[in-house]
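Data from final02.pdb: PDB, C-alpha atoms
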```pdb
MODEL        1
ATOM      1  CA  MET A 579     -98.258 206.103 119.424
ATOM      2  CA  SER A 580     -96.438 204.191 116.710
ATOM      3  CA  ASP A 581     -95.647 205.633 113.264
ATOM      4  CA  HIS A 582     -98.080 203.093 111.788
ATOM      5  CA  ILE A 583    -100.975 204.370 113.916
ATOM      6  CA  LEU A 584    -100.060 207.985 113.184
ATOM      7  CA  GLU A 585    -100.078 207.286 109.460
ATOM      8  CA  GLN A 586    -103.456 205.593 109.790
ATOM      9  CA  TYR A 587    -104.818 208.698 111.511
ATOM     10  CA  LYS A 588    -103.479 210.967 108.778
ATOM     11  CA  ARG A 589    -104.902 208.703 106.067
ATOM     12  CA  ASP A 590    -108.323 207.912 107.541
ATOM     13  CA  GLY A 591    -108.952 210.882 109.843
ATOM     14  CA  PHE A 592    -109.435 208.616 112.867
ATOM     15  CA  VAL A 593    -107.840 205.853 114.870
ATOM     16  CA  ILE A 594    -108.934 203.662 117.805
ATOM     17  CA  ILE A 595    -106.464 202.917 120.604
ATOM     18  CA  ARG A 596    -107.639 199.788 122.382
ATOM     19  CA  ASN A 597    -107.579 199.477 126.192
ATOM     20  CA  LEU A 598    -106.125 202.949 126.668
ATOM     21  CA  LEU A 599    -108.208 203.580 129.783
ATOM     22  CA  THR A 600    -107.701 201.350 132.795
ATOM     23  CA  GLU A 601    -110.523 199.408 134.426
ATOM     24  CA  ASN A 602    -110.324 201.793 137.402
ATOM     25  CA  GLU A 603    -110.729 204.811 135.107
ATOM     26  CA  VAL A 604    -113.749 203.249 133.409
ATOM     27  CA  GLN A 605    -115.336 202.417 136.754
ATOM     28  CA  ALA A 606    -114.669 205.922 138.055
ATOM     29  CA  VAL A 607    -116.603 207.500 135.166
ATOM     30  CA  GLN A 608    -119.406 204.948 135.536
ATOM     31  CA  GLY A 609    -119.586 205.934 139.183
ATOM     32  CA  LEU A 610    -119.718 209.604 138.224
ATOM     33  CA  ARG A 611    -122.752 208.980 136.024
ATOM     34  CA  LYS A 612    -124.524 207.075 138.833
ATOM     35  CA  ARG A 613    -123.834 209.910 141.261
ATOM     36  CA  ILE A 614    -125.249 212.489 138.858
ATOM     37  CA  ASP A 615    -128.386 210.391 138.257
ATOM     38  CA  ALA A 616    -128.887 209.965 142.008
ATOM     39  CA  GLU A 617    -128.596 213.719 142.606
ATOM     40  CA  ALA A 618    -130.940 214.446 139.698
ATOM     41  CA  GLU A 619    -133.581 212.013 140.960
ATOM     42  CA  ASP A 620    -133.849 214.057 144.155
ATOM     43  CA  ASN A 621    -134.441 217.126 141.960
ATOM     44  CA  GLY A 622    -137.008 215.549 139.628
ATOM     45  CA  PHE A 623    -134.486 215.150 136.806
ATOM     46  CA  GLN A 624    -134.595 218.854 136.006
ATOM     47  CA  ASP A 625    -131.741 220.364 134.005
ATOM     48  CA  PHE A 626    -129.338 222.420 136.089
ATOM     49  CA  ILE A 627    -126.094 224.383 135.813
ATOM     50  CA  LYS A 628    -123.067 224.473 138.123
ATOM     51  CA  GLY A 629    -120.609 227.155 137.094
ATOM     52  CA  LYS A 630    -119.619 226.469 133.476
ATOM     53  CA  THR A 631    -121.077 222.937 133.502
ATOM     54  CA  ARG A 632    -124.611 222.136 132.328
ATOM     55  CA  TYR A 633    -126.426 218.899 133.290
ATOM     56  CA  GLU A 634    -129.199 217.786 130.914
ATOM     57  CA  PHE A 635    -131.763 214.992 131.355
ATOM     58  CA  GLU A 636    -134.487 213.463 129.210
ATOM     59  CA  LYS A 637    -137.545 211.244 129.398
ATOM     60  CA  ILE A 638    -137.384 208.024 127.412
ATOM     61  CA  GLU A 639    -140.527 206.016 126.631
ATOM     62  CA  SER A 640    -140.586 202.425 125.386
ATOM     63  CA  GLU A 641    -142.883 199.415 125.573
ATOM     64  CA  GLU A 642    -140.317 197.416 127.532
ATOM     65  CA  TYR A 643    -139.471 200.019 130.196
ATOM     66  CA  GLY A 644    -142.323 202.543 130.138
ATOM     67  CA  VAL A 645    -141.376 206.172 130.810
ATOM     68  CA  ARG A 646    -137.931 206.719 132.314
ATOM     69  CA  SER A 647    -135.996 209.845 133.256
ATOM     70  CA  THR A 648    -132.255 209.660 132.786
ATOM     71  CA  LEU A 649    -129.108 211.615 132.128
ATOM     72  CA  ARG A 650    -128.588 212.693 128.516
ATOM     73  CA  ALA A 651    -125.496 214.891 128.644
ATOM     74  CA  VAL A 652    -123.182 216.834 130.897
ATOM     75  CA  LYS A 653    -121.803 219.723 128.851
ATOM     76  CA  ASN A 654    -118.319 220.923 129.756
ATOM     77  CA  PRO A 655    -117.889 218.527 132.717
ATOM     78  CA  TRP A 656    -114.195 219.505 132.651
ATOM     79  CA  TRP A 657    -114.917 222.531 134.819
ATOM     80  CA  ASN A 658    -116.944 220.866 137.572
ATOM     81  CA  GLU A 659    -116.129 217.145 137.629
ATOM     82  CA  GLU A 660    -112.648 216.191 138.814
ATOM     83  CA  VAL A 661    -113.107 212.541 137.803
ATOM     84  CA  PHE A 662    -113.747 213.609 134.224
ATOM     85  CA  ARG A 663    -110.640 215.833 134.179
ATOM     86  CA  GLU A 664    -108.446 213.105 135.617
ATOM     87  CA  VAL A 665    -109.525 210.617 132.930
ATOM     88  CA  ALA A 666    -109.934 212.854 129.869
ATOM     89  CA  GLY A 667    -106.966 215.104 130.683
ATOM     90  CA  SER A 668    -104.486 212.433 131.730
ATOM     91  CA  GLU A 669    -100.875 212.544 130.574
ATOM     92  CA  LYS A 670    -101.367 209.484 128.342
ATOM     93  CA  ILE A 671    -104.266 211.194 126.548
ATOM     94  CA  LEU A 672    -102.320 214.437 126.134
ATOM     95  CA  ASP A 673     -99.273 212.512 124.884
ATOM     96  CA  ILE A 674    -101.331 211.135 121.990
ATOM     97  CA  VAL A 675    -103.042 214.463 121.338
ATOM     98  CA  GLU A 676     -99.576 216.056 121.090
ATOM     99  CA  LYS A 677     -98.652 213.599 118.339
ATOM    100  CA  LEU A 678    -101.775 214.586 116.403
ATOM    101  CA  ILE A 679    -101.946 218.390 116.738
ATOM    102  CA  GLY A 680     -98.554 219.435 118.103
ATOM    103  CA  PRO A 681     -96.911 220.213 121.450
ATOM    104  CA  THR A 682     -99.118 223.139 122.489
ATOM    105  CA  ILE A 683    -102.520 221.910 123.658
ATOM    106  CA  PHE A 684    -105.557 223.936 124.712
ATOM    107  CA  TYR A 685    -108.806 222.693 126.176
ATOM    108  CA  HIS A 686    -111.712 223.367 123.823
ATOM    109  CA  SER A 687    -114.892 221.626 125.042
ATOM    110  CA  SER A 688    -116.145 218.407 126.608
ATOM    111  CA  LYS A 689    -119.184 216.218 127.233
ATOM    112  CA  LEU A 690    -120.225 213.230 129.277
ATOM    113  CA  PHE A 691    -122.848 211.656 127.049
ATOM    114  CA  PHE A 692    -125.333 208.844 127.721
ATOM    115  CA  LYS A 693    -127.378 207.160 124.967
ATOM    116  CA  SER A 694    -130.167 205.455 126.875
ATOM    117  CA  ALA A 695    -131.275 201.875 126.167
ATOM    118  CA  ARG A 696    -134.387 201.473 124.018
ATOM    119  CA  GLY A 697    -134.752 205.097 123.114
ATOM    120  CA  GLY A 698    -131.456 206.994 123.010
ATOM    121  CA  ARG A 699    -131.705 209.205 119.933
ATOM    122  CA  ARG A 700    -129.423 209.183 116.920
ATOM    123  CA  LYS A 701    -126.890 211.857 115.986
ATOM    124  CA  PRO A 702    -127.046 212.706 112.260
ATOM    125  CA  TRP A 703    -124.005 212.976 110.000
ATOM    126  CA  HIS A 704    -121.864 216.030 110.683
ATOM    127  CA  GLN A 705    -118.340 217.398 111.117
ATOM    128  CA  ASP A 706    -117.373 218.799 114.519
ATOM    129  CA  TRP A 707    -115.595 221.785 113.013
ATOM    130  CA  ALA A 708    -118.915 223.004 111.545
ATOM    131  CA  TYR A 709    -119.936 224.018 115.076
ATOM    132  CA  TRP A 710    -116.966 226.385 115.468
ATOM    133  CA  ASP A 711    -115.618 227.018 111.962
ATOM    134  CA  THR A 712    -114.140 230.424 112.885
ATOM    135  CA  MET A 713    -111.531 228.631 114.989
ATOM    136  CA  ASN A 714    -108.281 226.971 114.009
ATOM    137  CA  GLN A 715    -108.858 223.662 112.205
ATOM    138  CA  ARG A 716    -105.902 221.891 113.878
ATOM    139  CA  GLN A 717    -108.020 220.138 116.495
ATOM    140  CA  VAL A 718    -108.829 216.616 117.587
ATOM    141  CA  THR A 719    -111.896 215.024 119.168
ATOM    142  CA  VAL A 720    -111.272 212.275 121.724
ATOM    143  CA  TRP A 721    -114.171 209.816 122.225
ATOM    144  CA  MET A 722    -113.753 207.429 125.166
ATOM    145  CA  ALA A 723    -115.939 204.320 125.475
ATOM    146  CA  ILE A 724    -117.086 203.883 129.070
ATOM    147  CA  ASP A 725    -119.716 201.306 128.152
ATOM    148  CA  GLU A 726    -119.503 198.855 125.273
ATOM    149  CA  ALA A 727    -120.300 200.627 121.978
ATOM    150  CA  THR A 728    -121.952 198.398 119.362
ATOM    151  CA  ARG A 729    -123.985 198.855 116.194
ATOM    152  CA  GLU A 730    -127.072 197.955 118.243
ATOM    153  CA  ASN A 731    -126.604 200.664 120.886
ATOM    154  CA  GLY A 732    -125.368 203.410 118.572
ATOM    155  CA  CYS A 733    -121.602 203.284 118.175
ATOM    156  CA  ILE A 734    -119.822 206.028 116.258
ATOM    157  CA  GLU A 735    -119.909 205.667 112.463
ATOM    158  CA  VAL A 736    -117.192 207.335 110.370
ATOM    159  CA  ILE A 737    -116.266 207.854 106.719
ATOM    160  CA  PRO A 738    -112.514 207.188 106.281
ATOM    161  CA  GLY A 739    -110.670 209.960 104.462
ATOM    162  CA  SER A 740    -113.569 212.415 104.657
ATOM    163  CA  HIS A 741    -111.424 214.882 106.632
ATOM    164  CA  LYS A 742    -109.566 215.658 103.402
ATOM    165  CA  ASN A 743    -112.650 216.903 101.549
ATOM    166  CA  GLY A 744    -113.176 220.228 103.293
ATOM    167  CA  LEU A 745    -116.152 221.527 105.231
ATOM    168  CA  ILE A 746    -119.530 220.359 103.927
ATOM    169  CA  LYS A 747    -122.506 222.698 104.239
ATOM    170  CA  HIS A 748    -124.546 222.038 107.396
ATOM    171  CA  HIS A 749    -128.115 223.033 108.179
ATOM    172  CA  HIS A 750    -130.478 222.924 111.154
ATOM    173  CA  ALA A 751    -133.023 220.136 110.728
ATOM    174  CA  GLU A 752    -133.230 217.048 112.948
ATOM    175  CA  ASP A 753    -129.977 218.413 114.371
ATOM    176  CA  PHE A 754    -127.118 220.500 112.975
ATOM    177  CA  MET A 755    -126.247 218.195 110.114
ATOM    178  CA  ILE A 756    -125.295 217.724 106.479
ATOM    179  CA  ASP A 757    -127.525 216.529 103.652
ATOM    180  CA  GLU A 758    -127.274 212.814 104.374
ATOM    181  CA  GLY A 759    -127.989 211.940 100.746
ATOM    182  CA  VAL A 760    -124.276 212.413 100.046
ATOM    183  CA  ILE A 761    -123.318 209.550 102.398
ATOM    184  CA  ASP A 762    -122.318 206.332 100.632
ATOM    185  CA  PRO A 763    -123.326 203.523 103.047
ATOM    186  CA  ASP A 764    -120.648 201.271 101.576
ATOM    187  CA  LEU A 765    -117.959 203.613 102.943
ATOM    188  CA  ILE A 766    -119.174 203.616 106.556
ATOM    189  CA  VAL A 767    -116.884 202.150 109.206
ATOM    190  CA  TYR A 768    -118.520 201.232 112.510
ATOM    191  CA  ALA A 769    -116.323 202.070 115.504
ATOM    192  CA  ILE A 770    -117.239 199.080 117.673
ATOM    193  CA  MET A 771    -115.491 199.568 121.003
ATOM    194  CA  GLU A 772    -115.063 197.941 124.389
ATOM    195  CA  PRO A 773    -114.995 199.931 127.649
ATOM    196  CA  GLY A 774    -111.593 201.631 127.833
ATOM    197  CA  ASP A 775    -111.087 201.924 124.064
ATOM    198  CA  VAL A 776    -110.500 205.485 122.838
ATOM    199  CA  LEU A 777    -111.293 206.921 119.404
ATOM    200  CA  PHE A 778    -109.304 209.931 118.173
ATOM    201  CA  PHE A 779    -110.681 211.719 115.123
ATOM    202  CA  ASP A 780    -110.045 214.863 113.124
ATOM    203  CA  VAL A 781    -112.690 217.576 113.576
ATOM    204  CA  MET A 782    -113.277 217.487 109.801
ATOM    205  CA  THR A 783    -114.063 213.738 109.763
ATOM    206  CA  LEU A 784    -117.676 212.928 108.901
ATOM    207  CA  HIS A 785    -119.316 210.898 111.644
ATOM    208  CA  ALA A 786    -122.693 209.987 113.133
ATOM    209  CA  SER A 787    -124.323 207.528 115.525
ATOM    210  CA  ALA A 788    -127.565 205.575 115.246
ATOM    211  CA  ALA A 789    -130.371 205.427 117.786
ATOM    212  CA  ASN A 790    -130.017 202.915 120.605
ATOM    213  CA  HIS A 791    -132.418 200.030 119.963
ATOM    214  CA  SER A 792    -130.709 197.654 122.384
ATOM    215  CA  ASP A 793    -131.283 196.994 126.062
ATOM    216  CA  LYS A 794    -127.824 198.380 126.947
ATOM    217  CA  GLY A 795    -127.041 202.050 127.545
ATOM    218  CA  ARG A 796    -123.977 203.665 125.969
ATOM    219  CA  LEU A 797    -121.907 206.056 128.108
ATOM    220  CA  CYS A 798    -118.924 207.948 126.725
ATOM    221  CA  CYS A 799    -116.570 210.829 127.499
ATOM    222  CA  ILE A 800    -115.942 213.317 124.701
ATOM    223  CA  ILE A 801    -113.302 216.030 124.773
ATOM    224  CA  ASP A 802    -111.943 218.351 122.099
ATOM    225  CA  TYR A 803    -108.423 219.778 122.125
ATOM    226  CA  ASP A 804    -107.007 222.476 119.886
ATOM    227  CA  SER A 805    -103.574 223.872 119.152
ATOM    228  CA  GLU A 806    -104.282 227.606 119.472
ATOM    229  CA  PRO A 807    -106.116 229.727 122.051
ATOM    230  CA  LYS A 808    -109.689 230.738 121.362
ATOM    231  CA  PRO A 809    -110.294 233.935 119.395
ATOM    232  CA  GLU A 810    -111.833 236.771 121.384
ATOM    233  CA  ASN A 811    -115.234 236.274 119.732
ATOM    234  CA  SER A 812    -115.501 232.573 120.587
ATOM    235  CA  LYS A 813    -117.287 231.114 123.615
ATOM    236  CA  HIS A 814    -115.257 227.904 123.308
ATOM    237  CA  GLY A 815    -112.073 226.893 125.060
ATOM    238  CA  THR A 816    -109.525 228.758 127.081
ATOM    239  CA  ASP A 817    -106.549 231.012 126.479
ATOM    240  CA  THR A 818    -104.409 229.040 128.946
ATOM    241  CA  PRO A 819    -102.639 225.950 127.528
ATOM    242  CA  LEU A 820    -102.858 222.591 129.262
ATOM    243  CA  ARG A 821     -99.441 221.806 127.821
ATOM    244  CA  ASN A 822     -97.034 224.118 126.015
ATOM    245  CA  LYS A 823     -94.277 223.437 123.501
ATOM    246  CA  GLU A 824     -91.783 222.888 126.333
ATOM    247  CA  GLY A 825     -93.969 220.066 127.636
ATOM    248  CA  GLU A 826     -95.068 221.914 130.759
ATOM    249  CA  VAL A 827     -98.547 221.255 132.134
ATOM    250  CA  GLY A 828    -100.716 224.340 132.584
ATOM    251  CA  SER A 829    -102.505 225.312 135.759
ATOM    252  CA  LEU A 830    -105.947 224.503 134.322
ATOM    253  CA  ALA A 831    -105.177 220.802 133.977
ATOM    254  CA  PHE A 832    -106.778 219.932 137.335
ATOM    255  CA  SER A 833    -108.105 223.215 138.721
TER     256      SER A 833
ENDMDL
END
```
Would you mind writing the structure in this file as structure tokens?
Amino acid sequence: MSDHILEQYKRDGFVIIRNLLTENEVQAVQGLRKRIDAEAEDNGFQDFIKGKTRYEFEKIESEEYGVRSTLRAVKNPWWNEEVFREVAGSEKILDIVEKLIGPTIFYHSSKLFFKSARGGRRKPWHQDWAYWDTMNQRQVTVWMAIDEATRENGCIEVIPGSHKNGLIKHHHAEDFMIDEGVIDPDLIVYAIMEPGDVLFFDVMTLHASAANHSDKGRLCCIIDYDSEPKPENSKHGTDTPLRNKEGEVGSLAFS
């Protein structure tokens, strides 16, 4: 990561690294999603849990496609999906994370998320840190485009510099979200991405994504890293570092 990109991250609270994932990595995650859908079809697309990983599905209804059952999210795929760990926990990802939060890196949480064509719901404006505000703020969210992400299929939207304004009050409504009346639409930057592009953003950065009104689904990998172990009262993360200040990789990296 160049000094210019690092300065952009500090200034804006986010940065996109283009073509960071290889074509093989993108195809591997696409294959993972197809495998999960195939297994779920045999089980009637019912939600299920394997160890620490939860698989969630939804029914989407539209005039074009009728009623469809599809994957919505895999929560904490890190623990049960080796392909996800190999892509999201690769040395090149951790090298950039180290530049952003320091040399000691802990796993916090992860998702494989699919926004279905013609019906994938929106995610209202929020800050990630609001979900776990008792934890250390020195964290980074890594959002990896596995499919093309466009304004039509619900790419990430961000407000540059919003990470400097502190935590905004959130409430439970359509989702866990802020009062969206404070959002100035003229400040929104649309993170349009090609498969393999990776967005890094501060957990205080305001962001959202629109509903998917296109005929193309939007698959992504999301992983959060932090710089300190979880407190005893937190369900998130692990006490074992993936990388310590000496640059050694922890045993949880691919366990």
Exercise for the section: Can you work out which one of A:Asn822, A:Ser687, A:Thr600, A:Asn658 has the shortest atom-to-atom distance to Ile627 of chain A, counting only C-alpha atoms? Expected result: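 Smallest distance to Ile627 of chain A is found for A:Asn658.
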Can you list what the PyMOL selection byres ((chain A and resi 590-593) around 7) grabs from this structure, as a compact mmCIF listing (two decimals) with C-alpha atoms, in the coordinates of the input?
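In the end it all went to part.txt:
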```
# COMPACT_ATOMS: atom_id res chain seq x y z
CA GLN A 586 -103.46 205.59 109.79
CA TYR A 587 -104.82 208.70 111.51
CA LYS A 588 -103.48 210.97 108.78
CA ARG A 589 -104.90 208.70 106.07
CA ILE A 594 -108.93 203.66 117.80
CA ILE A 595 -106.46 202.92 120.60
CA PRO A 738 -112.51 207.19 106.28
CA GLY A 739 -110.67 209.96 104.46
CA HIS A 741 -111.42 214.88 106.63
CA LEU A 777 -111.29 206.92 119.40
CA PHE A 778 -109.30 209.93 118.17
CA PHE A 779 -110.68 211.72 115.12
CA ASP A 780 -110.04 214.86 113.12
CA THR A 783 -114.06 213.74 109.76
```
So which residues touch Gly795 of chain A within 6 Å, counting only C-alpha atoms, skipping near sequence neighbours fewer than 4 positions away, as a tab-separated table (two decimals) with C-alpha atoms, keeping the file's coordinate frame?
```
chain	number	residue	atom	x	y	z
A	693	LYS	CA	-127.38	207.16	124.97
A	694	SER	CA	-130.17	205.46	126.88
A	695	ALA	CA	-131.28	201.88	126.17
```
Problem - All residues 10 Å or closer to Cys798 of chain A, only C-alpha atoms, same chain fewer than 5 positions away omitted, as a ChimeraX atom specification - result: /A:604,607-608,651,689-693,721-727,773-774,776
Exercise for the section: Could you tell me which residues the PyMOL selection byres ((chain A and resi 743-749) around 12) returns for this structure, as number ranges by chain? Expected result: A: 590-591, 702-712, 715, 737-742, 750-758, 760-761, 780-784
Completion exercise
From atom CA of Arg796 of chain A to atom CA of Ile770 of chain A the spacing works out at 11.6 Å
Practice task
Quick one: everything within 7 Å of segment 662-672 of chain A, counting only C-alpha atoms, minus sequence neighbours fewer than 2 positions away in the same chain. Send it as a PyMOL selection string.
Solution key: chain A and resi 603+607+655-656+659-660+674-676+801+831-832
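If you measure from each of A:Ala786, A:Arg716, A:Gly759, A:Thr631 to Gly732 of chain A using all atoms listed in the file, the closest one turns out to be A:Ala786.
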Exercise for the section: With a distance cut-off of 10 Å and only C-alpha atoms, select the neighbouring residues of Lys677 of chain A, excluding the residue or stretch itself and same-chain residues fewer than 6 positions from it, and output the selection as an NGL selection string. Expected result: :A and (579-581 or 584)
Practice task
Write out as a ChimeraX atom specification which residues come within 9 Å of Leu649 of chain A when counting only C-alpha atoms, dropping same-chain ones fewer than 2 positions away.
Solution key: /A:611,614-615,618,623,633-637,647,651-652,691-694
Exercise for the section: Go ahead and compute the interatomic distance for atom CA of Leu820 of chain A and atom CA of Lys653 of chain A, in Å to one decimal. Expected result: 19.2 Å
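Compared by their closest atoms to Ile734 of chain A, and using all atoms listed in the file, the residues A:Thr682, A:Thr818, A:Gln624, A:Ser787 rank with A:Ser787 nearest.
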Give as a compact mmCIF listing (two decimals) with C-alpha atoms, in the coordinates of the input the residues that the PyMOL selection byres ((chain A and resi 730) around 10) matches when applied to the coordinates above.
```
# COMPACT_ATOMS: atom_id res chain seq x y z
CA ALA A 695 -131.28 201.88 126.17
CA ARG A 696 -134.39 201.47 124.02
CA ALA A 727 -120.30 200.63 121.98
CA THR A 728 -121.95 198.40 119.36
CA ARG A 729 -123.98 198.86 116.19
CA ASN A 731 -126.60 200.66 120.89
CA GLY A 732 -125.37 203.41 118.57
CA CYS A 733 -121.60 203.28 118.18
CA ILE A 770 -117.24 199.08 117.67
CA ALA A 788 -127.56 205.58 115.25
CA ALA A 789 -130.37 205.43 117.79
CA ASN A 790 -130.02 202.92 120.60
CA HIS A 791 -132.42 200.03 119.96
CA SER A 792 -130.71 197.65 122.38
CA ASP A 793 -131.28 196.99 126.06
CA LYS A 794 -127.82 198.38 126.95
```
Practice task
Can you work out the spacing between atom CA of Val718 of chain A and atom CA of Ala606 of chain A in Å, to one decimal?
Solution key: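 Interatomic distance, atom CA of Val718 of chain A to atom CA of Ala606 of chain A: 23.8 Å.
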